[in-house]
$ cat model_8.cif   # mmCIF, C-alpha atoms
data_upload
loop_
_atom_site.group_PDB
_atom_site.id
_atom_site.type_symbol
_atom_site.label_atom_id
_atom_site.label_comp_id
_atom_site.auth_asym_id
_atom_site.auth_seq_id
_atom_site.Cartn_x
_atom_site.Cartn_y
_atom_site.Cartn_z
ATOM 1 C CA MET A 502 153.571 93.684 164.734
ATOM 2 C CA PRO A 503 155.500 93.086 168.005
ATOM 3 C CA ASN A 504 156.842 89.548 168.297
ATOM 4 C CA GLY A 505 157.371 89.360 172.025
ATOM 5 C CA GLY A 506 161.147 89.553 171.777
ATOM 6 C CA THR A 507 161.489 86.436 169.666
ATOM 7 C CA ASN A 508 162.763 86.249 166.113
ATOM 8 C CA VAL A 509 161.066 83.188 164.658
ATOM 9 C CA LYS A 510 161.446 82.994 160.899
ATOM 10 C CA PRO A 511 158.254 82.114 159.009
ATOM 11 C CA THR A 512 157.743 79.101 156.803
ATOM 12 C CA HIS A 513 157.459 80.082 153.137
ATOM 13 C CA ILE A 514 154.917 77.778 151.459
ATOM 14 C CA LEU A 515 154.758 77.420 147.669
ATOM 15 C CA LEU A 516 151.328 75.879 147.112
ATOM 16 C CA THR A 517 150.371 74.523 143.704
ATOM 17 C CA ARG A 518 147.920 72.259 141.950
ATOM 18 C CA HIS A 519 149.077 69.317 139.843
ATOM 19 C CA GLY A 520 149.276 69.663 136.060
ATOM 20 C CA GLN A 521 146.315 68.965 133.804
ATOM 21 C CA THR A 522 145.163 65.344 133.923
ATOM 22 C CA VAL A 523 143.217 63.039 131.635
ATOM 23 C CA THR A 524 140.151 63.376 133.852
ATOM 24 C CA ASN A 525 140.474 67.197 133.881
ATOM 25 C CA ARG A 526 140.453 67.138 130.093
ATOM 26 C CA GLU A 527 137.518 64.730 129.921
ATOM 27 C CA GLY A 528 135.402 66.598 132.482
ATOM 28 C CA ARG A 529 135.328 63.726 134.979
ATOM 29 C CA PHE A 530 135.142 63.877 138.758
ATOM 30 C CA CYS A 531 138.412 62.535 140.148
ATOM 31 C CA GLY A 532 139.099 62.836 143.836
ATOM 32 C CA HIS A 533 140.295 59.632 145.465
ATOM 33 C CA SER A 534 141.097 57.951 142.144
ATOM 34 C CA GLU A 535 144.162 57.776 139.958
ATOM 35 C CA THR A 536 144.566 59.632 136.673
ATOM 36 C CA ALA A 537 147.605 60.480 134.564
ATOM 37 C CA LEU A 538 149.041 63.843 133.564
ATOM 38 C CA THR A 539 148.377 64.856 129.965
ATOM 39 C CA PRO A 540 151.220 66.179 127.760
ATOM 40 C CA LEU A 541 149.896 69.651 128.562
ATOM 41 C CA GLY A 542 150.037 68.838 132.267
ATOM 42 C CA VAL A 543 153.680 67.829 131.915
ATOM 43 C CA GLU A 544 154.456 71.115 130.120
ATOM 44 C CA GLN A 545 152.676 73.081 132.856
ATOM 45 C CA ALA A 546 154.809 71.391 135.513
ATOM 46 C CA ARG A 547 157.986 72.057 133.521
ATOM 47 C CA ALA A 548 157.021 75.713 133.211
ATOM 48 C CA LEU A 549 156.577 75.991 136.963
ATOM 49 C CA GLY A 550 159.907 74.251 137.438
ATOM 50 C CA ARG A 551 161.557 76.899 135.270
ATOM 51 C CA ARG A 552 159.763 79.622 137.226
ATOM 52 C CA LEU A 553 161.139 78.259 140.499
ATOM 53 C CA ALA A 554 164.601 77.375 139.194
ATOM 54 C CA GLY A 555 166.214 80.223 141.140
ATOM 55 C CA THR A 556 164.177 79.638 144.296
ATOM 56 C CA ARG A 557 165.638 77.676 147.174
ATOM 57 C CA ILE A 558 163.321 74.823 148.137
ATOM 58 C CA ASP A 559 164.130 72.938 151.323
ATOM 59 C CA ALA A 560 161.337 70.358 151.438
ATOM 60 C CA VAL A 561 158.425 69.059 149.368
ATOM 61 C CA TYR A 562 155.073 67.591 150.373
ATOM 62 C CA THR A 563 152.449 66.074 148.085
ATOM 63 C CA SER A 564 149.259 64.096 148.339
ATOM 64 C CA ASP A 565 149.719 60.369 147.862
ATOM 65 C CA TYR A 566 148.207 60.337 144.355
ATOM 66 C CA SER A 567 150.418 60.023 141.297
ATOM 67 C CA ARG A 568 149.277 63.220 139.581
ATOM 68 C CA ALA A 569 150.620 65.291 142.482
ATOM 69 C CA ILE A 570 153.728 63.132 142.942
ATOM 70 C CA ASP A 571 154.577 63.257 139.227
ATOM 71 C CA THR A 572 154.026 67.019 139.053
ATOM 72 C CA ALA A 573 156.387 67.555 141.991
ATOM 73 C CA ALA A 574 159.043 65.348 140.381
ATOM 74 C CA ILE A 575 158.912 67.396 137.169
ATOM 75 C CA ILE A 576 159.042 70.725 139.010
ATOM 76 C CA LEU A 577 162.006 69.576 141.093
ATOM 77 C CA GLU A 578 163.956 67.814 138.354
ATOM 78 C CA GLY A 579 167.679 68.005 139.122
ATOM 79 C CA ARG A 580 167.178 68.762 142.821
ATOM 80 C CA ARG A 581 168.014 66.214 145.488
ATOM 81 C CA LEU A 582 164.741 66.347 147.347
ATOM 82 C CA THR A 583 162.610 63.433 148.506
ATOM 83 C CA PRO A 584 158.909 64.263 148.848
ATOM 84 C CA SER A 585 156.823 63.460 151.892
ATOM 85 C CA PHE A 586 153.408 62.009 151.006
ATOM 86 C CA ASP A 587 150.474 63.164 153.130
ATOM 87 C CA PRO A 588 147.015 61.607 152.584
ATOM 88 C CA ASP A 589 145.449 64.669 154.243
ATOM 89 C CA LEU A 590 146.458 66.644 151.133
ATOM 90 C CA ARG A 591 144.146 64.542 148.967
ATOM 91 C CA GLU A 592 141.391 65.964 146.797
ATOM 92 C CA LEU A 593 137.752 65.876 147.914
ATOM 93 C CA CYS A 594 136.402 62.330 147.704
ATOM 94 C CA TYR A 595 133.571 62.176 145.164
ATOM 95 C CA GLY A 596 132.247 58.779 146.279
ATOM 96 C CA GLU A 597 129.834 57.374 143.698
ATOM 97 C CA TRP A 598 130.691 60.186 141.298
ATOM 98 C CA GLU A 599 134.339 59.161 140.989
ATOM 99 C CA GLN A 600 135.483 58.907 137.358
ATOM 100 C CA ARG A 601 132.057 59.916 136.019
ATOM 101 C CA ARG A 602 131.631 62.806 133.602
ATOM 102 C CA GLU A 603 130.065 65.875 135.161
ATOM 103 C CA ARG A 604 127.418 66.085 132.437
ATOM 104 C CA ASP A 605 126.364 62.479 133.112
ATOM 105 C CA VAL A 606 126.073 63.092 136.854
ATOM 106 C CA ALA A 607 123.938 66.177 136.154
ATOM 107 C CA ARG A 608 121.506 64.064 134.113
ATOM 108 C CA THR A 609 121.220 61.183 136.593
ATOM 109 C CA GLY A 610 117.944 61.512 138.494
ATOM 110 C CA ALA A 611 119.173 60.094 141.789
ATOM 111 C CA TRP A 612 121.998 62.631 141.903
ATOM 112 C CA ARG A 613 120.274 65.755 140.616
ATOM 113 C CA GLU A 614 119.550 67.198 144.051
ATOM 114 C CA GLU A 615 123.143 66.892 145.276
ATOM 115 C CA PHE A 616 124.460 68.157 141.942
ATOM 116 C CA ALA A 617 122.218 71.225 142.239
ATOM 117 C CA ARG A 618 123.507 71.823 145.775
ATOM 118 C CA MET A 619 127.065 71.643 144.490
ATOM 119 C CA ARG A 620 126.285 74.187 141.766
ATOM 120 C CA ALA A 621 124.636 76.438 144.370
ATOM 121 C CA GLU A 622 127.852 76.314 146.460
ATOM 122 C CA ASP A 623 125.983 74.829 149.410
ATOM 123 C CA PRO A 624 128.750 73.859 151.883
ATOM 124 C CA ALA A 625 126.571 70.986 153.134
ATOM 125 C CA TRP A 626 126.757 69.384 149.676
ATOM 126 C CA ARG A 627 128.070 65.837 149.807
ATOM 127 C CA PRO A 628 128.447 63.587 146.747
ATOM 128 C CA PRO A 629 126.987 60.157 147.637
ATOM 129 C CA GLY A 630 129.643 58.316 149.632
ATOM 130 C CA GLY A 631 131.980 61.309 149.461
ATOM 131 C CA GLU A 632 133.155 64.258 151.555
ATOM 132 C CA THR A 633 131.836 67.717 152.374
ATOM 133 C CA ILE A 634 133.773 70.950 151.966
ATOM 134 C CA HIS A 635 133.944 71.212 155.778
ATOM 135 C CA GLU A 636 135.683 67.833 156.004
ATOM 136 C CA VAL A 637 138.197 68.661 153.287
ATOM 137 C CA ARG A 638 138.881 72.050 154.815
ATOM 138 C CA ALA A 639 139.581 70.506 158.230
ATOM 139 C CA ARG A 640 141.989 67.825 157.043
ATOM 140 C CA THR A 641 143.879 69.948 154.518
ATOM 141 C CA MET A 642 144.372 72.790 157.000
ATOM 142 C CA ALA A 643 145.610 70.272 159.564
ATOM 143 C CA ALA A 644 148.197 69.150 156.999
ATOM 144 C CA LEU A 645 149.204 72.723 156.149
ATOM 145 C CA ASP A 646 149.573 73.604 159.831
ATOM 146 C CA ARG A 647 151.748 70.523 160.426
ATOM 147 C CA ILE A 648 153.967 71.417 157.486
ATOM 148 C CA GLY A 649 154.355 75.003 158.680
ATOM 149 C CA ALA A 650 155.288 73.892 162.190
ATOM 150 C CA ALA A 651 157.725 71.216 160.991
ATOM 151 C CA GLN A 652 159.525 73.451 158.480
ATOM 152 C CA THR A 653 159.951 76.708 160.422
ATOM 153 C CA GLY A 654 162.181 79.163 158.605
ATOM 154 C CA ARG A 655 162.335 77.026 155.462
ATOM 155 C CA THR A 656 160.791 77.150 151.985
ATOM 156 C CA VAL A 657 158.425 74.292 151.209
ATOM 157 C CA LEU A 658 156.763 73.173 147.981
ATOM 158 C CA VAL A 659 153.290 71.672 148.485
ATOM 159 C CA VAL A 660 151.692 69.951 145.474
ATOM 160 C CA THR A 661 148.052 69.000 145.885
ATOM 161 C CA HIS A 662 144.633 69.313 144.191
ATOM 162 C CA GLY A 663 142.156 71.961 143.090
ATOM 163 C CA THR A 664 139.406 71.728 145.700
ATOM 164 C CA ALA A 665 141.977 70.989 148.393
ATOM 165 C CA ILE A 666 143.693 74.291 147.562
ATOM 166 C CA ASN A 667 140.352 76.129 147.414
ATOM 167 C CA CYS A 668 139.617 74.869 150.916
ATOM 168 C CA MET A 669 143.015 75.854 152.312
ATOM 169 C CA LEU A 670 143.003 79.319 150.776
ATOM 170 C CA ALA A 671 139.433 79.996 151.905
ATOM 171 C CA ALA A 672 140.361 78.975 155.438
ATOM 172 C CA VAL A 673 143.556 81.063 155.470
ATOM 173 C CA LEU A 674 141.628 84.104 154.214
ATOM 174 C CA GLY A 675 138.793 83.592 156.701
ATOM 175 C CA MET A 676 136.198 83.101 153.975
ATOM 176 C CA ALA A 677 132.863 81.488 154.732
ATOM 177 C CA PRO A 678 132.563 77.905 153.417
ATOM 178 C CA GLU A 679 129.928 78.934 150.860
ATOM 179 C CA PHE A 680 132.587 81.098 149.152
ATOM 180 C CA THR A 681 135.168 78.306 148.907
ATOM 181 C CA PHE A 682 135.181 78.241 145.099
ATOM 182 C CA ARG A 683 135.471 82.013 144.569
ATOM 183 C CA ILE A 684 139.254 81.710 144.021
ATOM 184 C CA SER A 685 140.467 80.350 140.694
ATOM 185 C CA VAL A 686 142.964 77.491 141.071
ATOM 186 C CA ALA A 687 144.719 76.755 137.771
ATOM 187 C CA ASN A 688 146.734 73.647 137.057
ATOM 188 C CA CYS A 689 150.275 74.544 138.212
ATOM 189 C CA GLY A 690 149.205 78.029 139.278
ATOM 190 C CA LEU A 691 151.413 79.325 142.108
ATOM 191 C CA ASN A 692 150.152 80.469 145.507
ATOM 192 C CA ARG A 693 152.654 81.853 148.028
ATOM 193 C CA LEU A 694 151.933 81.819 151.761
ATOM 194 C CA LEU A 695 153.876 82.640 154.904
ATOM 195 C CA ASN A 696 153.185 80.765 158.129
ATOM 196 C CA SER A 697 154.533 82.563 161.181
ATOM 197 C CA ARG A 698 153.725 80.628 164.361
ATOM 198 C CA GLY A 699 150.394 79.531 162.881
ATOM 199 C CA ARG A 700 149.420 82.917 161.472
ATOM 200 C CA TYR A 701 149.164 82.975 157.680
ATOM 201 C CA THR A 702 149.923 85.793 155.273
ATOM 202 C CA VAL A 703 149.042 85.435 151.584
ATOM 203 C CA LEU A 704 151.721 86.797 149.232
ATOM 204 C CA SER A 705 150.158 85.771 145.911
ATOM 205 C CA LEU A 706 147.153 83.867 144.574
ATOM 206 C CA ASN A 707 146.948 81.723 141.431
ATOM 207 C CA ASP A 708 149.992 83.299 139.752
ATOM 208 C CA THR A 709 150.071 81.867 136.212
ATOM 209 C CA ALA A 710 152.647 84.174 134.579
ATOM 210 C CA HIS A 711 154.890 81.164 133.892
ATOM 211 C CA LEU A 712 152.094 79.492 131.905
ATOM 212 C CA VAL A 713 151.776 82.264 129.315
ATOM 213 C CA GLY A 714 152.151 80.739 125.849
ATOM 214 C CA ILE A 715 151.207 77.266 127.031
ATOM 215 C CA GLU A 716 147.873 76.012 125.717
ATOM 216 C CA SER A 717 145.105 76.355 128.285
ATOM 217 C CA PRO A 718 143.103 73.275 129.337
ATOM 218 C CA ALA A 719 139.832 72.765 127.471
#

$ encode --input "model_8.cif" --output "structure tokens"
Amino acid sequence: MPNGGTNVKPTHILLTRHGQTVTNREGRFCGHSETALTPLGVEQARALGRRLAGTRIDAVYTSDYSRAIDTAAIILEGRRLTPSFDPDLRELCYGEWEQRRERDVARTGAWREEFARMRAEDPAWRPPGGETIHEVRARTMAALDRIGAAQTGRTVLVVTHGTAINCMLAAVLGMAPEFTFRISVANCGLNRLLNSRGRYTVLSLNDTAHLVGIESPA
């Protein structure tokens, strides 16, 4: 495609989800809450670190929750990189559902309607006191756009959360909000994007080749 006589190098974005957490393993909703990486989550992050060992990384951004920060630290072990923490990269806020098991929420009468809307992939679904997919999509894309603009021509690692990544990828691919969860987002799966003056190109989605041989989350 013609570039108008300019030669602006794109930003190469390595987008990944944190490693498995205690709440992932226990089937709990965990958005704007803290939870620790499991031993498996640590191994997943180490595997991604090995996968990227020969890749130049110029900058790293994470959400401001420890599971993303700790995953980035493991991936980047031995590199002299200081992460930037961006609250806009946070997971969807689950409000009153935070830290509750999914099966318990499904059985709670007051929440059954919203739970059914979630299962039906209704983009207007909102957990009580929480966020909608539209809201997460807007703030996470704003963060991704800022990162792309600030790191032109560089390679950036972005460590964030499952639904946050679903929202960003759906937006980049021009998918309707009701199809947000049609892309699998594995713990420490690798997504590669190029941002060239605000235009995104997807190079790979949910690449998990580096996780072969590592026990899958329950």

$ residues_around --input "model_8.cif" --residues "His513 in chain A" --least-positions-apart "5" --cutoff "12 Å" --atoms "only C-alpha atoms" --output "ChimeraX atom specification"
/A:556-561,645,648-659,692-698,700-705

$ write_last_selection --input "model_8.cif" --atoms "C-alpha atoms" --output "CSV table (one decimal), in the frame of the given file"
chain,number,residue,atom,x,y,z
A,556,THR,CA,164.2,79.6,144.3
A,557,ARG,CA,165.6,77.7,147.2
A,558,ILE,CA,163.3,74.8,148.1
A,559,ASP,CA,164.1,72.9,151.3
A,560,ALA,CA,161.3,70.4,151.4
A,561,VAL,CA,158.4,69.1,149.4
A,645,LEU,CA,149.2,72.7,156.1
A,648,ILE,CA,154.0,71.4,157.5
A,649,GLY,CA,154.4,75.0,158.7
A,650,ALA,CA,155.3,73.9,162.2
A,651,ALA,CA,157.7,71.2,161.0
A,652,GLN,CA,159.5,73.5,158.5
A,653,THR,CA,160.0,76.7,160.4
A,654,GLY,CA,162.2,79.2,158.6
A,655,ARG,CA,162.3,77.0,155.5
A,656,THR,CA,160.8,77.2,152.0
A,657,VAL,CA,158.4,74.3,151.2
A,658,LEU,CA,156.8,73.2,148.0
A,659,VAL,CA,153.3,71.7,148.5
A,692,ASN,CA,150.2,80.5,145.5
A,693,ARG,CA,152.7,81.9,148.0
A,694,LEU,CA,151.9,81.8,151.8
A,695,LEU,CA,153.9,82.6,154.9
A,696,ASN,CA,153.2,80.8,158.1
A,697,SER,CA,154.5,82.6,161.2
A,698,ARG,CA,153.7,80.6,164.4
A,700,ARG,CA,149.4,82.9,161.5
A,701,TYR,CA,149.2,83.0,157.7
A,702,THR,CA,149.9,85.8,155.3
A,703,VAL,CA,149.0,85.4,151.6
A,704,LEU,CA,151.7,86.8,149.2
A,705,SER,CA,150.2,85.8,145.9

$ resolve_selection --input "model_8.cif" --expression "the PyMOL selection byres ((chain A and resi 677) around 12)" --output "list in words"
Glu622, Asp623, Pro624, Ile634, His635, Arg638, Asn667, Cys668, Met669, Leu670, Ala671, Ala672, Val673, Leu674, Gly675, Met676, Pro678, Glu679, Phe680, Thr681, Phe682 and Arg683 of chain A

$ residues_near_point --input "model_8.cif" --point "(156.0, 73.7, 136.1)" --cutoff "12 Å" --atoms "all atoms listed in the file" --output "PyMOL selection string"
chain A and resi 517-521+541-554+569+571-578+658+660+687-691+708-713+715

$ atom_distance --input "model_8.cif" --atom1 "CA of Gly596 in chain A" --atom2 "CA of Ala643 in chain A"
22.1 Å

$ resolve_selection --input "model_8.cif" --expression "the PyMOL selection byres ((chain A and resi 530) around 8)" --output "JSON, numbers by chain"
{"A": [524, 525, 528, 529, 531, 532, 595, 598, 599, 600, 601, 602, 603]}

$ write_last_selection --input "model_8.cif" --atoms "C-alpha atoms" --output "compact mmCIF listing (two decimals), in the frame of the given file"
# COMPACT_ATOMS: atom_id res chain seq x y z
CA THR A 524 140.15 63.38 133.85
CA ASN A 525 140.47 67.20 133.88
CA GLY A 528 135.40 66.60 132.48
CA ARG A 529 135.33 63.73 134.98
CA CYS A 531 138.41 62.54 140.15
CA GLY A 532 139.10 62.84 143.84
CA TYR A 595 133.57 62.18 145.16
CA TRP A 598 130.69 60.19 141.30
CA GLU A 599 134.34 59.16 140.99
CA GLN A 600 135.48 58.91 137.36
CA ARG A 601 132.06 59.92 136.02
CA ARG A 602 131.63 62.81 133.60
CA GLU A 603 130.06 65.88 135.16

$ resolve_selection --input "model_8.cif" --expression "the PyMOL selection byres ((chain A and resi 613-615) around 12)" --output "MDAnalysis selection string"
chainID A and resid 595 597:598 603:612 616:631 633

$ atom_distance --input "model_8.cif" --atom1 "CA of Gly555 in chain A" --atom2 "CA of Ser585 in chain A"
22.0 Å

$ closest_residue --input "model_8.cif" --among "A:Glu632, A:Glu527, A:Asp587, A:Asp646" --to "Tyr566 in chain A" --atoms "only C-alpha atoms"
A:Asp587

$ closest_residue --input "model_8.cif" --among "A:Arg647, A:Ile684, A:Ile570, A:Thr641" --to "Thr512 in chain A" --atoms "only C-alpha atoms"
A:Arg647

$ closest_residue --input "model_8.cif" --among "A:Ile514, A:Leu593, A:Thr661, A:Gly699" --to "Val686 in chain A" --atoms "all atoms listed in the file"
A:Thr661

$ atom_distance --input "model_8.cif" --atom1 "CA of Asn508 in chain A" --atom2 "CA of Met642 in chain A"
24.5 Å

$ closest_residue --input "model_8.cif" --among "A:Arg568, A:Lys510, A:Arg526, A:Arg581" --to "Leu538 in chain A" --atoms "all atoms listed in the file"
A:Arg568

$ closest_residue --input "model_8.cif" --among "A:Ala644, A:Val523, A:Val509, A:Leu516" --to "Gly663 in chain A" --atoms "only C-alpha atoms"
A:Leu516
